[in-house]
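Enquirer: So that you have it, the file is upload_19.txt, and it contains compact mmCIF, C-alpha atoms:
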# COMPACT_ATOMS: atom_id res chain seq x y z
CA MET K 1 0.00 0.00 0.00
CA GLN K 2 1.41 3.39 -0.98
CA GLN K 3 1.84 5.68 2.02
CA GLU K 4 2.83 9.31 2.18
CA GLU K 5 4.12 10.65 5.48
CA GLY K 6 2.64 7.68 7.32
CA VAL K 7 -0.94 8.18 6.12
CA ASP K 8 -2.48 6.51 3.09
CA ALA K 9 -3.65 9.19 0.63
CA ALA K 10 -6.71 7.06 -0.23
CA LEU K 11 -7.79 7.14 3.42
CA ILE K 12 -7.47 10.92 3.46
CA ALA K 13 -9.59 11.13 0.31
CA LEU K 14 -12.24 8.88 1.87
CA LEU K 15 -12.29 10.99 5.04
CA ALA K 16 -12.76 14.07 2.85
CA LEU K 17 -15.77 12.42 1.17
CA LEU K 18 -17.27 11.49 4.53
CA TRP K 19 -16.67 15.06 5.72
CA GLU K 20 -18.52 16.31 2.63
CA ALA K 21 -21.39 13.96 3.45
CA ARG K 22 -21.53 15.30 7.01
CA GLN K 23 -21.71 18.88 5.70
CA GLU K 24 -24.68 17.95 3.49
CA ALA K 25 -26.58 16.03 6.19
CA PRO K 26 -24.86 15.66 9.59
CA ASP K 27 -26.83 12.63 10.80
CA LYS K 28 -27.46 10.88 7.49
CA PRO K 29 -24.94 8.22 6.47
CA TRP K 30 -23.97 7.70 2.84
CA SER K 31 -24.51 4.30 1.28
CA LEU K 32 -21.43 2.23 0.58
CA ALA K 33 -22.39 2.21 -3.11
CA LYS K 34 -22.47 6.02 -3.20
CA LEU K 35 -19.12 6.24 -1.40
CA ALA K 36 -17.51 3.74 -3.77
CA LYS K 37 -18.82 5.63 -6.80
CA ARG K 38 -17.72 9.03 -5.47
CA ALA K 39 -14.31 7.67 -4.45
CA GLY K 40 -13.89 5.90 -7.80
CA VAL K 41 -12.89 2.63 -6.14
CA GLN K 42 -14.19 -0.93 -6.15
CA MET K 43 -16.38 -2.01 -3.25
CA SER K 44 -13.68 -4.36 -1.90
CA THR K 45 -11.20 -1.47 -1.77
CA LEU K 46 -13.74 0.79 -0.11
CA LEU K 47 -14.52 -1.84 2.53
CA ARG K 48 -10.81 -2.29 3.29
CA GLN K 49 -10.39 1.46 3.71
CA LEU K 50 -13.51 1.75 5.87
CA ASN K 51 -12.31 -1.14 8.00
CA ALA K 52 -9.07 0.71 8.70
CA LEU K 53 -10.94 3.93 9.55
CA SER K 54 -13.43 2.02 11.68
CA SER K 55 -10.60 0.32 13.58
CA ALA K 56 -9.22 3.79 14.30
CA GLN K 57 -12.71 4.74 15.56
CA LEU K 58 -13.02 7.51 12.95
CA VAL K 59 -15.94 6.02 11.01
CA ASN K 60 -19.11 4.11 11.91
CA VAL K 61 -19.94 1.48 9.30
CA THR K 62 -23.20 -0.45 9.06
CA THR K 63 -23.45 -3.41 6.72
CA ALA K 64 -26.49 -5.42 5.74
CA GLU K 65 -26.68 -9.13 4.97
CA SER K 66 -27.91 -8.18 1.50
CA GLY K 67 -24.50 -6.65 0.80
CA GLY K 68 -25.52 -3.02 1.20
CA GLY K 69 -24.55 -0.74 4.00
CA SER K 70 -23.65 2.79 4.95
CA ALA K 71 -20.95 4.82 6.66
CA LEU K 72 -20.63 8.10 8.47
CA LEU K 73 -17.99 9.84 10.53
CA SER K 74 -17.86 9.07 14.23
CA GLU K 75 -17.61 12.01 16.62
CA ALA K 76 -13.82 11.53 16.74
CA GLY K 77 -13.71 11.40 12.94
CA ALA K 78 -15.77 14.57 12.68
CA GLN K 79 -13.42 16.37 15.07
CA LEU K 80 -10.39 15.23 13.08
CA CYS K 81 -11.94 16.24 9.75
CA SER K 82 -13.00 19.59 11.17
CA SER K 83 -9.42 20.36 12.09
CA VAL K 84 -8.07 19.13 8.74
CA PHE K 85 -10.69 20.13 6.16
CA ALA K 86 -12.68 23.02 7.63
CA PRO K 87 -11.73 26.45 6.35
CA PRO K 88 -9.90 28.67 8.85
CA PRO K 89 -12.13 31.10 10.74
CA ALA K 90 -12.53 34.51 9.13
CA GLU K 91 -10.68 37.30 10.89
Spell out the structure here as structure tokens.

Expert:
Amino acid sequence: MQQEEGVDAALIALLALLWEARQEAPDKPWSLAKLAKRAGVQMSTLLRQLNALSSAQLVNVTTAESGGGSALLSEAGAQLCSSVFAPPPAE
């Protein structure tokens, strides 16, 4: 897996997508299909990335037996993304 400065760039991109989802609807998770499409990755890749973020307690993932599911930032993930992606306060 390609890593830059200790963090996988694909994980950063996925966090950015989940941050975008939170801005649109704070309590509404995005489906795994929508995330995979937006991220431009296969479902297996997405699930691997979400597993890593879930293990770090940054993302809450729900999967269904039918193969569907959804994901949204955890509170810790939202705090991290806020510090990384949110624009600086206006002076």

Enquirer: Using all atoms listed in the file, determine which residues lie at most 9 Å from Ala33 in chain K, disregarding the query and same-chain residues fewer than 4 positions distant; provide the list as a list in words.

Expert: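 Returned residues: Lys37, Arg38, Met43, Gly68, Gly69 and Ser70 of chain K.
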
Enquirer: Pick from K:Ala90, K:Ala76, K:Val41, K:Ala71: nearest to Gln57 in chain K, with all atoms listed in the file counted?

Expert: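 Among the listed residues, the smallest separation from Gln57 in chain K belongs to K:Ala76.
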
Enquirer: Could you name the residues that touch Trp19 in chain K at 12 Å or less, counting only C-alpha atoms, but leaving out those on the same chain fewer than 5 positions away, as a short mmCIF file (atom, residue, chain, number, x, y, z; two decimals) with C-alpha atoms, keeping the file's coordinate frame?

Expert:
data_model
loop_
_atom_site.label_atom_id
_atom_site.label_comp_id
_atom_site.auth_asym_id
_atom_site.auth_seq_id
_atom_site.Cartn_x
_atom_site.Cartn_y
_atom_site.Cartn_z
CA ILE K 12 -7.47 10.92 3.46
CA ALA K 13 -9.59 11.13 0.31
CA LEU K 14 -12.24 8.88 1.87
CA GLU K 24 -24.68 17.95 3.49
CA ALA K 25 -26.58 16.03 6.19
CA PRO K 26 -24.86 15.66 9.59
CA ASP K 27 -26.83 12.63 10.80
CA LYS K 28 -27.46 10.88 7.49
CA PRO K 29 -24.94 8.22 6.47
CA TRP K 30 -23.97 7.70 2.84
CA LEU K 35 -19.12 6.24 -1.40
CA LEU K 58 -13.02 7.51 12.95
CA VAL K 59 -15.94 6.02 11.01
CA ALA K 71 -20.95 4.82 6.66
CA LEU K 72 -20.63 8.10 8.47
CA LEU K 73 -17.99 9.84 10.53
CA SER K 74 -17.86 9.07 14.23
CA GLU K 75 -17.61 12.01 16.62
CA ALA K 76 -13.82 11.53 16.74
CA GLY K 77 -13.71 11.40 12.94
CA ALA K 78 -15.77 14.57 12.68
CA GLN K 79 -13.42 16.37 15.07
CA LEU K 80 -10.39 15.23 13.08
CA CYS K 81 -11.94 16.24 9.75
CA SER K 82 -13.00 19.59 11.17
CA SER K 83 -9.42 20.36 12.09
CA VAL K 84 -8.07 19.13 8.74
CA PHE K 85 -10.69 20.13 6.16
CA ALA K 86 -12.68 23.02 7.63
#

Enquirer: Restricting the calculation to all atoms listed in the file, which member of K:Pro89, K:Leu18, K:Glu65, K:Ser55 is positioned closest to Ser31 in chain K?

Expert: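 The closest residue to Ser31 in chain K is K:Leu18.
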
Enquirer: Between CA of Leu47 in chain K and CA of Pro87 in chain K, what is the distance in Å, rounded to a tenth?

Expert: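 CA of Pro87 in chain K lies 28.7 Å from CA of Leu47 in chain K.
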
Enquirer: Could you please determine the separation between CA of Thr63 in chain K and CA of Gln23 in chain K in Å, to one decimal place?

Expert: 22.4 Å

Enquirer: In Å, with one decimal, what is the gap from CA of Leu11 in chain K to CA of Ser66 in chain K?

Expert: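 Calculated distance between CA of Leu11 in chain K and CA of Ser66 in chain K is 25.4 Å.
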
Enquirer: Name the closest residue to Ala39 in chain K among the candidates K:Leu17, K:Arg22, K:Asn60, K:Leu53; distances are taken between atoms, counting all atoms listed in the file.

Expert: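 Nearest candidate to Ala39 in chain K out of K:Leu17, K:Arg22, K:Asn60, K:Leu53: K:Leu17.
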
Enquirer: From the list K:Leu50, K:Val61, K:Leu32, K:Ser44, which residue is nearest Leu15 in chain K when using all atoms listed in the file?

Expert: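 Of all the options, K:Leu50 lies closest to Leu15 in chain K.
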
Enquirer: Find the smallest box with edges along x, y and z containing every listed atom of range 36-51 of chain K, then add 6 Å on each side and report centre and edge lengths in Å to one decimal, as JSON.

Expert:
{"center_x": -14.6, "center_y": 2.3, "center_z": 0.1, "size_x": 20.4, "size_y": 25.4, "size_z": 27.8}

Enquirer: Using only C-alpha atoms, which of K:Ala36, K:Pro88, K:Ala56, K:Gly67 sits nearest Ala10 in chain K?

Expert: K:Ala36
